[in-house]
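Undergrad: Pasting a structure here, questions to come.
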Amino acid sequence: MELVRIDKLLAHRGVGTRSATFELAKARRVCWSNRDDSPHEERTRVAGPKDKVPIGASLFLDGNLVPGALPLLIAYHKPKFVLSAMRDDIRWKDQARRHLGQILEPRFLKGGMHPVGRLDYETTGLLLFSTDGKLTQQLLHPRRGVEKEYIATVEGAADECELSAILAEGVETTEGTHTAELIEVTPSDGPLNEVDALTLDDENDDDEYCGPYSDVRLVVKEGKHRMVRRILANCGYPVVELKRLRHGEISLAKLPVGEFRSCSNEEIEWAESLLGK
């Protein structure tokens with residue numbers, strides 16, 4: 001069984017930073033056992049921060065059971081107008097923008113859980129959080145080609161065959177030429193309200209749009225800043241709403257807005273396969 005330093009294991013379970021857990025172990029406030037329900041006499045007191053214990057051990061701090069290991073991945077349904085960062089830049093403090101650091105559980109924050117990439121401030125949908133930096137790199141690196149599926153509400157009655165061909169050939173943007181796989185195009189009632197209908201990429205356009213809308217469902221394998229919005233706008237279909245539905249084998253499904261969920265065993269196995277485990 002793999003043995004891990006007690007201060008590192010405590011930090012990984014979200015008890016605190018490595019320096020904080022070092023001091024807890026140094027003060028001999030930590031015990032461990034093979035069972036969560038073990039009585040005090042069956043627990044082993046840690047002599048110091050360099051002591052190693054089994055990675056799956058039950059840990060007790062001041063006699064209280066420490067929560068289990070942090071998950072490798074969790075899924076979050078990001079609402080609109082939440083910043084995909086753990087804190088906001090001090091330059092924007094007067095705007096009081098919500099950010100992920102205000103939403104994530106404290107023990108997840110202490111355990112180093114971080115967002116896998118980002119979604120634009122006004123984009124909604126699936127956002128993953130990970131405790132493994134190497135996994136995050138694999139999920140985001142273009143060479144891995146991990147699919148990301150979106151549904152975009154756009155201005156205009158998009159022609160499915162024409163748009164599919166254009167996206168497959170590649171759309172030129174200021175950051176290069178990007179391709180996408182079109183899944184389907186369906187008529188749409190448009191954005192939910194007038195505020196949502198404001199197209200942020202067209203700030204100088206004072207004319208209110210009154211034409212038809214389409215829902216464009218597509219898959220990309222890169223996630224550069226605002227890429228989906230840019231390629232659809234360059235195809236003549238400005239995006240008024242955007243939602244991520246899937247990241248690799250992990251789907252948003254019916255997860256309510258603003259809620260988290262644990263990833264299934266199958267989803268975790270897929271993620272671990274990216275690490276070659």
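Ligands are numbered from 1 in the order shown, chains are lettered A, B, ... in the order of the structure tokens, and residues start at 1 in each chain.
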Env of segment 79-86 of chain A: 8 Å cut, atoms = only C-alpha atoms, seq-sep filter 3 positions within chain, self excluded. Answer as a CSV table (one decimal) with N, CA and C atoms, in the first residue's frame.
TA:
```csv
chain,number,residue,atom,x,y,z
A,97,ARG,N,-17.7,41.6,-9.3
A,97,ARG,CA,-18.1,40.4,-10.1
A,97,ARG,C,-17.9,39.1,-9.3
A,98,ARG,N,-18.9,38.2,-9.5
A,98,ARG,CA,-18.8,36.9,-8.8
A,98,ARG,C,-17.7,36.1,-9.5
A,99,HIS,N,-17.0,35.3,-8.7
A,99,HIS,CA,-16.0,34.4,-9.2
A,99,HIS,C,-16.0,33.1,-8.5
A,100,LEU,N,-15.2,32.1,-9.1
A,100,LEU,CA,-15.3,30.7,-8.6
A,100,LEU,C,-14.8,30.6,-7.2
A,101,GLY,N,-13.9,31.4,-6.8
A,101,GLY,CA,-13.4,31.4,-5.4
A,101,GLY,C,-14.5,31.6,-4.4
A,102,GLN,N,-15.6,32.2,-4.8
A,102,GLN,CA,-16.7,32.5,-3.8
A,102,GLN,C,-17.7,31.3,-3.8
A,114,HIS,N,-8.9,23.2,-8.8
A,114,HIS,CA,-8.8,24.4,-9.6
A,114,HIS,C,-9.7,24.1,-10.9
A,115,PRO,N,-10.1,25.2,-11.6
A,115,PRO,CA,-11.0,25.0,-12.8
A,115,PRO,C,-10.1,24.5,-13.9
A,118,ARG,N,-11.6,27.6,-18.8
A,118,ARG,CA,-12.5,28.6,-18.4
A,118,ARG,C,-13.6,28.7,-19.4
A,119,LEU,N,-14.7,29.4,-18.9
A,119,LEU,CA,-15.8,29.8,-19.8
A,119,LEU,C,-15.9,31.3,-19.7
A,120,ASP,N,-16.2,31.9,-20.8
A,120,ASP,CA,-16.4,33.4,-20.8
A,120,ASP,C,-17.4,33.8,-19.7
A,121,TYR,N,-17.3,35.0,-19.3
A,121,TYR,CA,-18.1,35.6,-18.2
A,121,TYR,C,-19.6,35.4,-18.5
A,122,GLU,N,-20.0,35.6,-19.8
A,122,GLU,CA,-21.4,35.5,-20.1
A,122,GLU,C,-21.8,34.1,-20.6
A,123,THR,N,-20.8,33.2,-20.7
A,123,THR,CA,-21.1,31.8,-21.2
A,123,THR,C,-21.5,30.9,-20.0
A,124,THR,N,-22.4,30.0,-20.3
A,124,THR,CA,-22.9,29.1,-19.2
A,124,THR,C,-22.5,27.7,-19.6
A,125,GLY,N,-22.8,26.7,-18.6
A,125,GLY,CA,-22.6,25.3,-19.0
A,125,GLY,C,-21.5,24.7,-18.2
A,257,VAL,N,-28.4,24.6,-12.9
A,257,VAL,CA,-27.5,25.8,-12.9
A,257,VAL,C,-27.0,26.1,-11.5
A,258,GLY,N,-25.7,26.4,-11.4
A,258,GLY,CA,-25.1,26.7,-10.2
A,258,GLY,C,-24.8,25.6,-9.2
```
Undergrad: Based on DSSP run over this structure's backbone, return all residues of segment 104-258 of chain A in strand (DSSP E or B), as number ranges by chain.
TA: A: 114-115, 124-130, 148-155, 171-173, 176-178, 181-188, 213-220, 239-247, 250-251
Undergrad: Name the residues in contact with Tyr237 of chain A at a cut-off of 8 Å, using only C-alpha atoms, excluding same-chain residues fewer than 2 positions from it; report them as a PDB file with N, CA and C atoms, in the first residue's frame.
TA:
```
ATOM      1  N   VAL A 154     -27.703  31.877 -32.229  1.00  0.00           N
ATOM      2  CA  VAL A 154     -27.097  32.870 -33.107  1.00  0.00           C
ATOM      3  C   VAL A 154     -28.178  33.663 -33.833  1.00  0.00           C
ATOM      4  N   GLU A 155     -27.785  34.831 -34.294  1.00  0.00           N
ATOM      5  CA  GLU A 155     -28.656  35.629 -35.140  1.00  0.00           C
ATOM      6  C   GLU A 155     -28.626  35.049 -36.552  1.00  0.00           C
ATOM      7  N   GLY A 156     -29.806  34.935 -37.148  1.00  0.00           N
ATOM      8  CA  GLY A 156     -29.891  34.469 -38.522  1.00  0.00           C
ATOM      9  C   GLY A 156     -30.448  33.065 -38.638  1.00  0.00           C
ATOM     10  N   ALA A 158     -29.561  29.933 -39.950  1.00  0.00           N
ATOM     11  CA  ALA A 158     -28.360  29.267 -40.455  1.00  0.00           C
ATOM     12  C   ALA A 158     -28.726  28.092 -41.361  1.00  0.00           C
ATOM     13  N   LEU A 232     -18.220  31.584 -35.384  1.00  0.00           N
ATOM     14  CA  LEU A 232     -19.607  31.710 -35.844  1.00  0.00           C
ATOM     15  C   LEU A 232     -19.900  33.133 -36.318  1.00  0.00           C
ATOM     16  N   ALA A 233     -19.349  34.124 -35.615  1.00  0.00           N
ATOM     17  CA  ALA A 233     -19.532  35.510 -36.065  1.00  0.00           C
ATOM     18  C   ALA A 233     -18.906  35.714 -37.440  1.00  0.00           C
ATOM     19  N   ASN A 234     -17.735  35.096 -37.673  1.00  0.00           N
ATOM     20  CA  ASN A 234     -17.072  35.238 -38.971  1.00  0.00           C
ATOM     21  C   ASN A 234     -17.787  34.472 -40.078  1.00  0.00           C
ATOM     22  N   CYS A 235     -18.677  33.553 -39.678  1.00  0.00           N
ATOM     23  CA  CYS A 235     -19.532  32.870 -40.652  1.00  0.00           C
ATOM     24  C   CYS A 235     -20.812  33.654 -40.925  1.00  0.00           C
ATOM     25  N   VAL A 239     -23.171  35.321 -32.121  1.00  0.00           N
ATOM     26  CA  VAL A 239     -23.675  34.519 -31.002  1.00  0.00           C
ATOM     27  C   VAL A 239     -24.305  35.433 -29.952  1.00  0.00           C
TER      28      VAL A 239
END
```
Undergrad: Within 12 Å of segment 27-43 of chain A, counting only C-alpha atoms, which residues show up once you throw out same-chain ones fewer than 3 positions away? Write them as an mmCIF file with C-alpha atoms, in the first residue's frame, please.
TA:
```cif
data_model
loop_
_atom_site.group_PDB
_atom_site.id
_atom_site.type_symbol
_atom_site.label_atom_id
_atom_site.label_comp_id
_atom_site.auth_asym_id
_atom_site.auth_seq_id
_atom_site.Cartn_x
_atom_site.Cartn_y
_atom_site.Cartn_z
ATOM 1 C CA MET A 1 0.000 0.000 0.000
ATOM 2 C CA ILE A 6 0.902 12.962 6.811
ATOM 3 C CA ASP A 7 1.198 16.709 6.177
ATOM 4 C CA LEU A 9 -2.162 13.837 2.894
ATOM 5 C CA LEU A 10 -3.912 16.302 5.201
ATOM 6 C CA VAL A 15 -7.488 20.494 5.855
ATOM 7 C CA ALA A 20 -0.581 24.579 8.219
ATOM 8 C CA THR A 21 -0.823 20.784 8.129
ATOM 9 C CA PHE A 22 2.909 20.549 8.979
ATOM 10 C CA GLU A 23 2.203 22.438 12.196
ATOM 11 C CA LEU A 24 -0.865 20.283 12.992
ATOM 12 C CA VAL A 46 1.221 10.664 14.356
ATOM 13 C CA ALA A 47 4.575 11.589 15.887
ATOM 14 C CA GLY A 48 5.355 14.383 13.437
ATOM 15 C CA PRO A 49 4.880 15.768 9.899
ATOM 16 C CA LYS A 50 7.419 13.365 8.373
ATOM 17 C CA ASP A 51 5.448 10.295 9.459
ATOM 18 C CA LYS A 52 4.004 8.329 6.535
ATOM 19 C CA VAL A 53 0.601 6.660 6.582
ATOM 20 C CA PRO A 54 -1.393 4.625 4.012
ATOM 21 C CA ILE A 55 -2.864 6.865 1.324
ATOM 22 C CA GLY A 56 -6.372 5.544 2.041
ATOM 23 C CA ALA A 57 -6.107 5.824 5.834
ATOM 24 C CA SER A 58 -8.874 7.334 7.941
ATOM 25 C CA LEU A 59 -7.512 10.501 9.548
ATOM 26 C CA PHE A 60 -8.619 12.139 12.779
ATOM 27 C CA LEU A 61 -7.842 15.704 13.822
ATOM 28 C CA ASP A 62 -8.381 16.390 17.518
ATOM 29 C CA GLY A 63 -10.460 13.223 17.599
ATOM 30 C CA ASN A 64 -12.731 14.274 14.703
ATOM 31 C CA LEU A 65 -12.836 12.369 11.421
ATOM 32 C CA VAL A 66 -11.271 14.264 8.516
ATOM 33 C CA PRO A 67 -13.270 14.099 5.249
ATOM 34 C CA GLY A 68 -11.968 11.635 2.678
#
```
Undergrad: Could you name the residues that touch segment 134-145 of chain A at 6 Å or less, counting only C-alpha atoms, but leaving out those on the same chain fewer than 4 positions away, as a ChimeraX atom specification?
TA: /A:116,221-222
Undergrad: When distances are computed from only C-alpha atoms, which of A:Ser19, A:Thr44, A:Ser164, A:Ser251 shows the smallest separation from Glu149 of chain A?
TA: A:Ser251
Undergrad: Report as a ChimeraX atom specification all protein, DNA and RNA residues lying within 9 Å of Pro212 of chain A, evaluated on only C-alpha atoms, omitting residues in the same chain fewer than 2 positions from it.
TA: /A:154-157,187-190,209-210,214
Undergrad: For the residues in that selection, give me C-alpha atoms as a short mmCIF file (atom, residue, chain, number, x, y, z; two decimals), in the first residue's frame.
TA:
```cif
data_model
loop_
_atom_site.label_atom_id
_atom_site.label_comp_id
_atom_site.auth_asym_id
_atom_site.auth_seq_id
_atom_site.Cartn_x
_atom_site.Cartn_y
_atom_site.Cartn_z
CA VAL A 154 -27.10 32.87 -33.11
CA GLU A 155 -28.66 35.63 -35.14
CA GLY A 156 -29.89 34.47 -38.52
CA ALA A 157 -31.47 31.41 -40.10
CA PRO A 187 -34.74 27.14 -35.34
CA SER A 188 -34.64 29.06 -32.07
CA ASP A 189 -36.87 31.50 -30.22
CA GLY A 190 -33.76 33.51 -29.45
CA TYR A 209 -31.93 42.82 -34.15
CA CYS A 210 -35.44 41.64 -35.02
CA SER A 214 -30.92 29.52 -34.82
#
```
Undergrad: What gap, in Å, lies between atom CA of Phe260 of chain A and atom CA of Ile74 of chain A?
TA: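 Rounded to one decimal, the two atoms are 6.9 Å apart.
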Undergrad: Within 9 Å of Trp270 of chain A, counting only C-alpha atoms, which residues qualify if same-chain residues fewer than 3 places away don't, as a PDB file with C-alpha atoms, in the first residue's frame?
TA:
```
ATOM      1  CA  GLY A 248     -14.655  14.930 -23.454  1.00  0.00           C
ATOM      2  CA  GLU A 249     -16.711  12.076 -22.003  1.00  0.00           C
ATOM      3  CA  ILE A 250     -18.174  14.229 -19.227  1.00  0.00           C
ATOM      4  CA  ASN A 265     -16.690   5.978 -12.080  1.00  0.00           C
ATOM      5  CA  GLU A 266     -16.852   5.738 -15.876  1.00  0.00           C
ATOM      6  CA  GLU A 267     -16.044   9.446 -16.246  1.00  0.00           C
ATOM      7  CA  SER A 273      -6.897   7.100 -19.274  1.00  0.00           C
ATOM      8  CA  LEU A 274      -5.555  10.453 -20.454  1.00  0.00           C
TER       9      LEU A 274
END
```
Undergrad: With distances taken over only C-alpha atoms, which of A:Leu128, A:Val4, A:Ile103, A:Met113 is nearest to Cys263 of chain A?
TA: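 Residue with the minimum atom-to-atom distance to Cys263 of chain A: A:Leu128.
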